[in-house]
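Trainee: The structure file data.txt (compact mmCIF, C-alpha atoms) is provided below.
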```txt
# COMPACT_ATOMS: atom_id res chain seq x y z
CA MET A 101 6.29 4.78 39.68
CA ASN A 102 5.12 1.38 40.84
CA GLU A 103 5.91 -2.02 39.36
CA ASN A 104 2.51 -2.44 37.78
CA SER A 105 2.56 0.55 35.49
CA SER A 106 6.24 0.28 34.59
CA ASN A 107 5.52 -1.98 31.66
CA LYS A 108 2.91 0.31 30.16
CA LEU A 109 3.87 3.25 28.01
CA ASN A 110 3.52 6.55 29.84
CA ALA A 111 3.25 10.08 28.48
CA LYS A 112 7.02 10.52 28.45
CA ASP A 113 7.55 7.47 26.26
CA LEU A 114 4.86 8.63 23.89
CA ILE A 115 6.41 12.10 23.69
CA HIS A 116 9.72 10.53 22.76
CA VAL A 117 7.95 8.50 20.09
CA GLY A 118 6.48 11.74 18.72
CA ILE A 119 9.76 13.62 18.68
CA TYR A 120 11.80 10.95 16.96
CA THR A 121 9.05 10.19 14.48
CA ALA A 122 9.06 13.88 13.55
CA ILE A 123 12.84 13.90 13.05
CA LEU A 124 12.80 10.69 11.01
CA ALA A 125 9.91 11.99 8.94
CA VAL A 126 11.75 15.20 8.11
CA LEU A 127 14.91 13.30 7.11
CA LEU A 128 12.93 10.87 4.96
CA CYS A 129 11.05 13.72 3.34
CA VAL A 130 14.22 15.64 2.49
CA PHE A 131 15.93 12.66 0.90
CA ALA A 132 12.81 11.26 -0.75
CA CYS A 133 12.71 14.40 -2.88
CA LEU A 134 15.87 13.13 -4.58
CA GLY A 135 13.61 10.57 -6.30
CA ILE A 136 12.72 13.23 -8.86
CA ILE A 137 15.97 12.32 -10.60
CA PRO A 138 15.49 8.76 -11.92
CA VAL A 139 18.95 7.41 -10.95
CA MET A 140 18.46 8.73 -7.46
CA MET A 141 15.47 6.44 -7.05
CA LEU A 142 18.03 3.74 -6.28
CA SER A 143 19.77 5.92 -3.72
CA LEU A 144 16.63 5.90 -1.60
CA VAL A 145 17.59 2.52 -0.16
CA VAL A 146 21.09 3.82 0.53
CA ILE A 147 21.07 7.37 1.85
CA PRO A 148 18.02 7.50 4.16
CA PRO A 149 18.84 4.22 5.98
CA VAL A 150 22.40 5.36 6.63
CA ILE A 151 21.52 8.85 7.82
CA ALA A 152 18.37 7.95 9.75
CA GLY A 153 20.50 5.46 11.69
CA ILE A 154 21.83 8.22 13.92
CA PRO A 155 18.49 9.50 15.29
CA TYR A 156 17.17 5.95 15.39
CA MET A 157 19.96 4.64 17.58
CA LEU A 158 19.46 7.62 19.88
CA PHE A 159 15.77 6.80 19.96
CA LEU A 160 16.55 3.18 20.87
CA THR A 161 18.43 4.35 23.98
CA LYS A 162 15.08 5.76 25.18
CA VAL A 163 13.22 2.54 24.49
CA LYS A 164 12.76 0.45 27.59
CA LYS A 165 9.27 -0.86 26.98
CA PHE A 166 7.42 -2.88 24.42
CA GLY A 167 5.53 -0.86 21.81
CA MET A 168 7.61 2.22 21.11
CA ILE A 169 9.42 0.88 18.03
CA LEU A 170 6.14 -0.39 16.64
CA LEU A 171 4.44 2.97 17.20
CA VAL A 172 7.19 4.87 15.37
CA ASN A 173 6.81 2.56 12.39
CA ILE A 174 3.03 2.82 12.34
CA LEU A 175 3.17 6.61 12.49
CA LEU A 176 5.85 6.84 9.79
CA GLY A 177 3.83 4.45 7.66
CA LEU A 178 0.71 6.59 8.05
CA MET A 179 2.70 9.68 7.15
CA LEU A 180 4.13 8.07 4.03
CA TRP A 181 0.61 7.11 3.09
CA VAL A 182 -0.86 10.59 3.42
CA THR A 183 2.12 12.18 1.69
CA GLY A 184 1.40 10.33 -1.49
CA MET A 185 3.46 7.16 -1.28
CA SER A 186 1.18 4.19 -0.74
CA TYR A 187 -0.32 2.13 2.01
CA TYR A 188 2.26 -0.60 1.38
CA ALA A 189 4.65 1.23 3.70
CA THR A 190 2.00 1.31 6.43
CA ILE A 191 1.45 -2.44 6.27
CA VAL A 192 5.09 -3.46 5.85
CA GLY A 193 6.18 -0.88 8.44
CA THR A 194 3.79 -2.35 11.01
CA ILE A 195 5.08 -5.86 10.43
CA THR A 196 8.77 -4.96 10.43
CA GLY A 197 8.22 -2.74 13.45
CA LEU A 198 6.73 -5.67 15.33
CA ILE A 199 9.65 -7.94 14.38
CA ALA A 200 12.16 -5.25 15.36
CA GLU A 201 10.34 -4.90 18.66
CA PHE A 202 10.88 -8.60 19.42
CA ILE A 203 14.51 -8.43 18.33
CA TYR A 204 15.28 -5.46 20.56
CA ARG A 205 13.44 -7.06 23.46
CA LYS A 206 15.63 -10.13 23.05
CA GLY A 207 18.59 -7.81 23.67
CA GLU A 208 16.84 -6.68 26.86
CA TYR A 209 16.53 -3.14 25.48
CA LYS A 210 20.23 -2.43 25.83
CA SER A 211 22.20 -4.69 23.49
CA LYS A 212 23.75 -2.56 20.78
CA LYS A 213 24.04 -5.45 18.32
CA MET A 214 20.36 -6.23 18.71
CA GLY A 215 19.68 -2.50 18.35
CA ILE A 216 21.47 -2.37 15.01
CA LEU A 217 19.64 -5.48 13.83
CA ALA A 218 16.32 -4.06 15.01
CA TYR A 219 16.97 -0.86 13.09
CA ALA A 220 17.94 -2.71 9.91
CA VAL A 221 14.73 -4.75 10.10
CA SER A 222 12.44 -1.88 11.02
CA ASN A 223 13.59 0.38 8.20
CA LEU A 224 12.61 -2.13 5.52
CA TYR A 225 9.44 -0.10 5.02
CA ILE A 226 11.57 2.08 2.73
CA TRP A 227 11.88 -0.86 0.36
CA SER A 228 8.11 -1.32 0.37
CA ASN A 229 7.69 2.10 -1.23
CA TYR A 230 8.94 0.56 -4.46
CA PHE A 231 6.15 -2.03 -4.50
CA GLY A 232 4.03 0.20 -6.71
CA ILE A 233 6.70 0.21 -9.42
CA PHE A 234 7.42 -3.50 -9.25
CA TYR A 235 4.02 -5.06 -8.91
CA ASN A 236 1.48 -2.47 -9.97
CA ALA A 237 3.36 -0.38 -12.51
CA GLU A 238 0.36 0.64 -14.57
CA GLU A 239 -1.49 2.23 -11.72
CA TYR A 240 1.66 3.69 -10.19
CA PHE A 241 2.58 5.57 -13.33
CA SER A 242 -0.99 6.53 -14.17
CA THR A 243 -0.86 8.94 -11.21
CA ARG A 244 2.50 10.23 -12.41
CA GLN A 245 1.81 10.88 -16.10
CA GLU A 246 2.82 14.50 -15.84
CA TYR A 247 6.36 13.52 -14.87
CA GLY A 248 6.85 12.88 -18.59
CA GLN A 249 7.33 9.69 -20.55
CA GLU A 250 11.09 10.08 -20.35
CA TYR A 251 11.01 9.90 -16.57
CA ILE A 252 8.68 6.91 -16.57
CA ASP A 253 10.83 5.02 -19.10
CA SER A 254 14.05 5.62 -17.27
CA VAL A 255 12.55 4.61 -13.91
CA GLN A 256 11.14 1.43 -15.43
CA ALA A 257 14.46 0.64 -17.10
CA LEU A 258 16.20 1.08 -13.76
CA LEU A 259 13.78 -1.02 -11.80
CA PRO A 260 12.85 -4.32 -13.47
CA ALA A 261 11.11 -6.85 -11.23
CA TRP A 262 14.30 -8.74 -10.32
CA MET A 263 15.57 -5.59 -8.65
CA SER A 264 13.01 -6.06 -5.89
CA PRO A 265 15.01 -8.63 -3.83
CA VAL A 266 18.23 -6.76 -4.61
CA LEU A 267 16.78 -3.60 -3.15
CA LEU A 268 15.50 -5.51 -0.15
CA ILE A 269 18.99 -6.80 0.60
CA ALA A 270 20.55 -3.40 -0.07
CA ASN A 271 18.01 -1.77 2.23
CA PHE A 272 18.84 -4.26 4.96
CA LEU A 273 22.63 -3.97 4.58
CA PHE A 274 22.60 -0.18 4.52
CA GLY A 275 20.30 -0.35 7.52
CA LEU A 276 22.98 -2.34 9.34
CA LEU A 277 25.59 0.18 8.22
CA GLY A 278 23.40 3.08 9.32
CA GLY A 279 22.84 1.46 12.69
CA TYR A 280 26.58 0.88 13.08
CA ILE A 281 27.39 4.50 12.19
CA GLY A 282 24.61 5.55 14.54
CA THR A 283 26.16 3.76 17.50
CA LYS A 284 29.58 5.23 16.64
CA VAL A 285 28.19 8.77 16.47
CA LEU A 286 26.28 8.15 19.67
CA LYS A 287 29.45 7.08 21.39
CA LYS A 288 31.42 10.01 20.06
CA HIS A 289 28.93 12.76 20.84
CA PHE A 290 26.26 11.71 23.25
CA GLU A 291 27.76 9.24 25.67
CA LYS A 292 30.72 11.51 26.37
CA ALA A 293 28.42 14.46 26.89
CA GLY A 294 26.31 12.40 29.25
CA ILE A 295 23.12 12.84 27.24
CA VAL A 296 22.57 9.12 26.84
CA MET B 286 -10.28 40.28 39.86
CA ASP B 287 -12.09 38.61 37.02
CA TYR B 288 -10.40 36.20 34.74
CA LYS B 289 -11.76 36.13 31.26
CA VAL B 290 -11.09 33.19 29.05
CA ASN B 291 -12.11 33.38 25.46
CA LEU B 292 -14.06 30.19 25.05
CA LYS B 293 -14.97 30.77 21.46
CA PRO B 294 -13.57 28.10 19.17
CA THR B 295 -10.37 29.21 17.50
CA SER B 296 -11.56 28.38 14.04
CA LEU B 297 -14.68 27.80 12.02
CA ILE B 298 -14.30 24.07 11.72
CA ASP B 299 -13.72 21.20 14.08
CA PRO B 300 -10.30 19.53 14.36
CA ARG B 301 -11.85 16.25 13.25
CA THR B 302 -13.05 17.84 10.01
CA LYS B 303 -9.62 19.36 9.48
CA LEU B 304 -7.95 15.97 9.79
CA LEU B 305 -10.43 14.38 7.41
CA LEU B 306 -9.82 17.16 4.90
CA LEU B 307 -6.06 16.75 5.21
CA PHE B 308 -6.41 13.04 4.59
CA VAL B 309 -8.70 13.47 1.59
CA ILE B 310 -6.51 16.20 0.08
CA SER B 311 -3.42 14.03 0.55
CA VAL B 312 -4.93 10.97 -1.02
CA TYR B 313 -6.71 12.63 -3.94
CA VAL B 314 -4.53 15.65 -4.76
CA LEU B 315 -1.07 14.56 -3.64
CA GLY B 316 -1.57 10.87 -4.28
CA GLY B 317 -3.60 11.49 -7.42
CA THR B 318 -5.91 8.57 -6.62
CA GLY B 319 -8.85 8.05 -8.94
CA GLY B 320 -7.42 9.60 -12.08
CA GLU B 321 -9.45 11.45 -14.68
CA LYS B 322 -12.96 11.05 -13.22
CA MET B 323 -11.93 12.98 -10.11
CA LYS B 324 -11.16 16.21 -11.97
CA VAL B 325 -13.92 18.37 -10.47
CA PHE B 326 -13.25 17.09 -6.96
CA TYR B 327 -9.54 17.58 -7.51
CA TRP B 328 -9.91 21.27 -8.23
CA ILE B 329 -12.35 21.84 -5.39
CA LEU B 330 -9.92 20.12 -3.01
CA VAL B 331 -7.06 22.25 -4.33
CA PHE B 332 -8.86 25.45 -3.37
CA ILE B 333 -10.38 24.36 -0.08
CA PRO B 334 -7.26 25.28 1.99
CA VAL B 335 -7.14 28.76 0.44
CA LEU B 336 -10.81 29.38 1.15
CA LEU B 337 -10.42 28.12 4.71
CA LEU B 338 -7.51 30.47 5.31
CA LEU B 339 -9.64 33.32 3.98
CA SER B 340 -12.70 32.42 6.02
CA ASP B 341 -10.66 32.14 9.18
CA ARG B 342 -9.10 35.55 8.45
CA ARG B 343 -5.51 34.32 8.40
CA TRP B 344 -4.62 37.16 6.08
CA LYS B 345 -0.89 36.57 5.91
CA LEU B 346 -1.10 32.86 5.15
CA PHE B 347 -3.98 33.53 2.75
CA LEU B 348 -1.94 36.07 0.77
CA ILE B 349 1.07 33.74 0.73
CA SER B 350 -1.06 30.88 -0.57
CA VAL B 351 -2.61 33.04 -3.30
CA LEU B 352 0.82 34.31 -4.34
CA VAL B 353 2.37 30.84 -4.42
CA TYR B 354 -0.58 29.36 -6.33
CA GLY B 355 -0.42 32.24 -8.81
CA CYS B 356 3.34 31.98 -9.36
CA SER B 357 3.30 28.23 -9.87
CA PHE B 358 0.38 28.58 -12.29
CA VAL B 359 2.37 31.09 -14.34
CA ALA B 360 5.50 28.91 -14.14
CA GLN B 361 3.60 25.87 -15.36
CA ASN B 362 2.19 27.80 -18.30
CA LEU B 363 5.60 29.15 -19.25
CA LEU B 364 7.24 25.74 -19.08
CA GLN B 365 5.25 24.01 -21.79
CA GLY B 366 5.90 22.71 -25.25
CA ASP B 367 9.46 22.14 -26.39
CA LEU B 368 11.79 22.22 -23.43
CA THR B 369 15.50 21.99 -23.01
CA ALA B 370 16.84 19.45 -20.53
CA LEU B 371 17.24 22.03 -17.80
CA GLN B 372 13.76 23.41 -18.42
CA SER B 373 12.15 19.99 -18.23
CA VAL B 374 13.85 19.30 -14.91
CA LEU B 375 12.51 22.66 -13.77
CA ALA B 376 9.04 21.82 -15.09
CA LEU B 377 9.10 18.54 -13.21
CA THR B 378 10.15 20.28 -10.02
CA VAL B 379 7.34 22.82 -10.40
CA TYR B 380 4.91 20.01 -11.08
CA VAL B 381 5.87 18.09 -7.93
CA PHE B 382 5.86 21.31 -5.95
CA VAL B 383 2.35 22.17 -7.13
CA LYS B 384 1.10 18.73 -6.18
CA PHE B 385 2.32 19.21 -2.65
CA LEU B 386 0.93 22.73 -2.23
CA PRO B 387 -2.69 22.03 -1.21
CA ALA B 388 -1.64 19.51 1.43
CA VAL B 389 1.07 21.84 2.71
CA PHE B 390 -1.34 24.76 3.05
CA MET B 391 -3.92 22.53 4.67
CA ALA B 392 -1.31 21.46 7.21
CA ARG B 393 -0.32 25.08 7.78
CA TYR B 394 -3.97 25.96 8.26
CA ILE B 395 -4.39 23.19 10.81
CA MET B 396 -1.30 24.25 12.71
CA ALA B 397 -2.29 27.92 12.68
CA THR B 398 -5.84 27.39 13.87
CA THR B 399 -5.78 24.40 16.19
CA LYS B 400 -4.69 24.40 19.79
CA ALA B 401 -2.99 21.20 20.91
CA SER B 402 -5.60 20.94 23.64
CA GLU B 403 -8.45 21.14 21.14
CA PHE B 404 -6.78 18.56 18.98
CA ILE B 405 -6.47 16.10 21.85
CA ALA B 406 -10.04 16.72 22.94
CA ALA B 407 -11.23 16.02 19.41
CA GLY B 408 -9.10 12.90 19.26
CA LYS B 409 -10.61 11.65 22.49
CA LYS B 410 -14.06 12.18 21.02
CA MET B 411 -13.01 9.97 18.12
CA HIS B 412 -11.88 7.39 20.69
CA LEU B 413 -8.34 7.36 19.34
CA PRO B 414 -6.01 5.56 21.74
CA ASP B 415 -3.56 7.71 23.70
CA ALA B 416 -0.69 5.75 22.18
CA ILE B 417 -1.50 7.32 18.78
CA LEU B 418 -2.94 10.63 19.92
CA ILE B 419 -0.07 11.85 22.09
CA PRO B 420 2.69 11.16 19.53
CA ILE B 421 0.67 12.84 16.78
CA SER B 422 0.13 15.98 18.82
CA VAL B 423 3.84 16.01 19.67
CA ILE B 424 4.75 15.61 16.00
CA PHE B 425 2.61 18.59 15.02
CA ARG B 426 4.10 20.59 17.86
CA TYR B 427 7.61 19.54 16.96
CA PHE B 428 7.79 20.29 13.21
CA PRO B 429 8.04 24.06 13.65
CA THR B 430 10.59 23.49 16.42
CA ILE B 431 12.81 21.46 14.11
CA ARG B 432 12.83 24.29 11.60
CA GLU B 433 13.59 26.85 14.27
CA GLU B 434 16.39 24.80 15.83
CA TYR B 435 17.82 23.94 12.45
CA GLY B 436 17.95 27.63 11.56
CA SER B 437 19.88 28.44 14.72
CA ILE B 438 22.27 25.54 14.19
CA ARG B 439 22.92 26.66 10.62
CA ASP B 440 23.68 30.18 11.81
CA ALA B 441 26.01 28.89 14.49
CA MET B 442 27.82 26.64 12.03
CA LYS B 443 28.17 29.49 9.55
CA MET B 444 30.02 31.41 12.21
CA ARG B 445 32.39 28.49 12.54
CA GLY B 446 32.83 28.41 8.79
CA ILE B 447 30.97 25.16 8.20
CA PHE B 448 28.31 25.37 5.54
CA MET B 449 26.56 23.32 2.90
CA GLY B 450 28.76 22.53 -0.04
CA GLY B 451 31.94 23.15 1.88
CA GLY B 452 34.00 20.20 2.96
CA LYS B 453 33.13 16.57 3.39
CA ALA B 454 29.64 15.14 3.20
CA SER B 455 29.98 13.23 6.46
CA GLN B 456 30.90 16.43 8.28
CA MET B 457 27.90 18.22 6.82
CA VAL B 458 25.62 15.56 8.24
CA GLU B 459 27.42 15.25 11.54
CA TYR B 460 27.57 18.96 12.31
CA ARG B 461 23.92 19.46 11.63
CA LEU B 462 22.22 16.29 12.74
CA VAL B 463 24.09 15.83 15.99
CA PRO B 464 23.26 19.27 17.46
CA LEU B 465 19.67 18.83 16.33
CA LEU B 466 19.48 15.50 18.12
CA ALA B 467 21.12 16.86 21.24
CA ASP B 468 18.45 19.57 21.24
CA SER B 469 15.73 17.03 20.72
CA THR B 470 16.62 15.05 23.83
CA LEU B 471 16.50 18.22 25.94
CA ILE B 472 13.25 19.35 24.36
CA GLY B 473 11.87 15.89 25.02
CA GLU B 474 12.54 16.30 28.72
CA GLU B 475 10.96 19.75 28.74
CA LEU B 476 7.90 18.62 26.84
CA SER B 477 7.41 15.70 29.19
CA ALA B 478 7.53 18.02 32.18
CA ALA B 479 5.09 20.43 30.52
CA ALA B 480 2.79 17.60 29.60
CA LEU B 481 2.77 16.32 33.14
CA CYS B 482 1.71 19.76 34.38
CA ARG B 483 -1.14 19.82 31.89
CA GLY B 484 -2.42 16.44 32.90
CA LEU B 485 -1.48 14.66 29.72
CA GLU B 486 -1.23 11.09 30.94
CA VAL B 487 -2.08 7.75 29.48
CA GLY B 488 -5.46 6.39 30.41
CA VAL B 489 -6.51 9.43 32.41
CA GLU B 490 -9.76 11.31 31.83
CA ARG B 491 -8.88 14.74 30.52
CA THR B 492 -10.94 17.92 30.43
CA CYS B 493 -10.78 20.66 27.86
CA ILE B 494 -11.95 24.24 28.30
CA TRP B 495 -12.51 24.85 24.62
CA GLN B 496 -15.68 23.70 22.96
CA VAL B 497 -15.11 21.03 20.42
CA LYS B 498 -18.19 20.31 18.41
CA MET B 499 -19.40 19.98 14.88
CA ARG B 500 -21.24 22.87 13.30
CA PHE B 501 -22.91 23.58 9.98
CA LEU B 502 -19.73 24.07 7.96
CA ASP B 503 -18.31 20.83 9.35
CA HIS B 504 -21.29 18.88 8.08
CA VAL B 505 -20.98 20.46 4.64
CA LEU B 506 -17.26 19.66 4.39
CA ILE B 507 -17.61 16.14 5.75
CA GLY B 508 -20.43 15.54 3.29
CA PHE B 509 -18.17 16.70 0.51
CA CYS B 510 -15.36 14.37 1.66
CA ILE B 511 -17.70 11.41 1.77
CA LEU B 512 -18.95 12.27 -1.71
CA THR B 513 -15.34 12.45 -2.94
CA ILE B 514 -14.49 9.04 -1.55
CA PHE B 515 -17.76 7.59 -2.85
CA TRP B 516 -17.14 9.01 -6.33
CA SER B 517 -13.57 7.68 -6.42
CA ILE B 518 -14.85 4.17 -5.72
CA PHE B 519 -18.14 4.07 -7.60
CA GLY B 520 -17.74 7.04 -9.95
CA GLY B 521 -16.41 4.77 -12.68
CA LEU B 522 -19.91 3.33 -13.05
CA PHE B 523 -21.41 6.66 -14.07
CA TYR B 524 -18.43 8.40 -15.57
CA ASP B 525 -18.23 8.41 -19.33
CA PRO B 526 -14.80 9.36 -20.65
CA ILE B 527 -15.18 11.56 -23.67
```
Give the structure from the file, written as structure tokens.

Mentor:
Amino acid sequence: MNENSSNKLNAKDLIHVGIYTAILAVLLCVFACLGIIPVMMLSLVVIPPVIAGIPYMLFLTKVKKFGMILLVNILLGLMLWVTGMSYYATIVGTITGLIAEFIYRKGEYKSKKMGILAYAVSNLYIWSNYFGIFYNAEEYFSTRQEYGQEYIDSVQALLPAWMSPVLLIANFLFGLLGGYIGTKVLKKHFEKAGIV
Amino acid sequence: MDYKVNLKPTSLIDPRTKLLLLFVISVYVLGGTGGEKMKVFYWILVFIPVLLLLSDRRWKLFLISVLVYGCSFVAQNLLQGDLTALQSVLALTVYVFVKFLPAVFMARYIMATTKASEFIAAGKKMHLPDAILIPISVIFRYFPTIREEYGSIRDAMKMRGIFMGGGKASQMVEYRLVPLLADSTLIGEELSAAALCRGLEVGVERTCIWQVKMRFLDHVLIGFCILTIFWSIFGGLFYDPI
């Protein structure tokens, strides 16, 4: 490979993007189903960021060029959109992905601290899935009438508007935690085995 | 010796139409966009995947879809009126499940009837950039692999006496996710090698042996999708709630 093309994404990079997006999407999908139970709505900023940290940190070891983090976020955002969340995640995911991209580039694509920070920033799209409840409650619940009034009441009681910044911070902190656990697991299992 | 390649398209409709249908079904059935005025469109969209499976003679998937639709219909009818707490949780689960069904069967239909090569050719015709197209085709290719690999990992862990509900939560995650990820890195290498052989590169002109073009049914379905979107935006002007 010559110097010129080394900064552009090649098929291998894009295949990695595809694979890790698929894994992250499956994990998100499994844990998002917990949202059926009202209290578990809050756990969505806790459990997925922590668990998705492991595949994400592995993914970051494959990232050596600009654009891969952003692509994963765009694709995940599109998937959340077509699976019935909202387009908020697509927009927020694109922005946070771009910021994460700059953060990880600052660490020259190898700093673990920057990696953890990049992960915590990029996964803020999870928080944006709550936007519908906070800022557009009427429309949000109009598509969920069949869940029953009980469900709607308890979700609304759990998530008043002031919870929005709280969830943002929680999302970020658990992102950091997830990234930290991710690097630990990576060290324990993958670096020893020579996979990374 | 003659080589014979079956150049007939693998399904009745074009990959582009399939994607549009998946999108429309997701937004209007799963997402429930548009509310009451969309009722007729909603029900048509619900049954489009079933009809497509039938028309493409995917008997097994068709029968499964009919069975699942039937069962959930019965379950929804049984779980009405006064419900105990457990029953209402069950009703909610069935409700969410039903909402997902059309999109799930549409996705199954797409996966069963679209070759990756056809999909990429169609994507190129839509002028999608490689940076989006290649990951998407990998994602579609990789979902069934995840299930397969996960099944094998679960079996292997069962033999070691590690299963869901037994032991600590962190172990449950670690012993399942880590092998899956280790697999994924290897599969990534293999896929990259395979892709290289098939000429899947960024910014390179690619040829496809299968014909990808729109036919009559595509135009009908696309017309319907456009009508659905149109009605969801402007339908409120003509719709009179009774």

Trainee: Could you check which of B:Ala441, B:Val335, B:Ala397, B:Val489 is closest to chain A, using all atoms listed in the file?

Mentor: B:Val489

Trainee: Counting only C-alpha atoms, what are the residues of segment 225-275 of chain A within 10 Å of segment 158-177 of chain A, and for each of them which pair of atoms is the nearest and at what distance in Å, to one decimal? Sort the table by chain and rising number, as a Markdown table.

Mentor:
```
| residue | atom | partner | partner_atom | distance |
| --- | --- | --- | --- | --- |
| A:Tyr225 | CA | A:Gly177 | CA | 7.7 |
| A:Ile226 | CA | A:Gly177 | CA | 9.5 |
| A:Asn229 | CA | A:Gly177 | CA | 10.0 |
```

Trainee: What are the residues of chain B that have an atom within 7 Å of an atom of chain A, counting all atoms listed in the file, as number ranges by chain?

Mentor: B: 308, 311-312, 315-318, 320, 377, 416, 419-421, 423-424, 427-428, 466, 473, 477, 485-487

Trainee: How far is it from atom CA of Ile329 of chain B to atom CA of Gly366 of chain B, in Å with one decimal?

Mentor: 27.0 Å

Trainee: What is the distance between atom CA of Leu144 of chain A and atom CA of Glu250 of chain A, in Å to one decimal?

Mentor: 20.0 Å

Trainee: Counting only C-alpha atoms, which of A:Tyr204, A:Tyr209, A:Tyr219, A:Thr194 gets nearest to Gly278 of chain A?

Mentor: A:Tyr219

Trainee: Neighbouring residues of Phe358 of chain B were defined as those with any atom within 9 Å, considering all atoms listed in the file; residues of the same chain fewer than 5 positions away were excluded. Please report them as a list in words.

Mentor: Val353, Leu363 and Val383 of chain B

Trainee: Would you work out the distance separating atom CA of Cys510 of chain B from atom CA of Leu305 of chain B, expressed in Å to one decimal?

Mentor: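 Here the two named atoms are 7.6 Å from each other.
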
Trainee: Leaving out Ile298 of chain B and any residue of its chain fewer than 3 positions from it, which residues lie within 8 Å of it when counting only C-alpha atoms, given as a list of chain:residue names?

Mentor: B:Thr302, B:Lys303, B:Met499, B:Arg500, B:Leu502, B:Asp503

Trainee: Considering only C-alpha atoms, return as a list in words whatever protein or nucleic-acid residues lie within 12 Å of Val266 of chain A, sequence-local ones (same chain, fewer than 6 positions apart) excluded.

Mentor: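 Once the nearby chain positions are removed, what remains is Leu142, Val145, Trp227, Tyr230, Leu259, Pro260, Phe272 and Leu273 of chain A.
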
Trainee: Please determine an axis-aligned box that encloses all atoms of segment 507-511 of chain B listed in the file, with 3 Å added on each side, and express its centre and edge lengths in Å to one decimal as JSON.

Mentor:
```
{"center_x": -17.9, "center_y": 14.1, "center_z": 3.1, "size_x": 11.1, "size_y": 11.3, "size_z": 11.2}
```

Trainee: Set the distance at 10 Å and use only C-alpha atoms: which residues neighbour Lys206 of chain A once local chain neighbours fewer than 6 positions away are removed? I'd like the list as a ChimeraX atom specification.

Mentor: /A:200,214-215

Trainee: Just C-alpha atoms for this one: save the residues we selected as a PDB file, keeping the file's coordinate frame.

Mentor:
```
ATOM      1  CA  ALA A 200      12.160  -5.250  15.360  1.00  0.00           C
ATOM      2  CA  MET A 214      20.360  -6.230  18.710  1.00  0.00           C
ATOM      3  CA  GLY A 215      19.680  -2.500  18.350  1.00  0.00           C
TER       4      GLY A 215
END
```

Trainee: So, with only C-alpha atoms as the atoms that count, which of B:Leu375, B:Leu386, B:Ile494, B:Cys356 lies closest to Phe332 of chain B?

Mentor: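 Of B:Leu375, B:Leu386, B:Ile494, B:Cys356, the one nearest Phe332 of chain B is B:Leu386, counting only C-alpha atoms.
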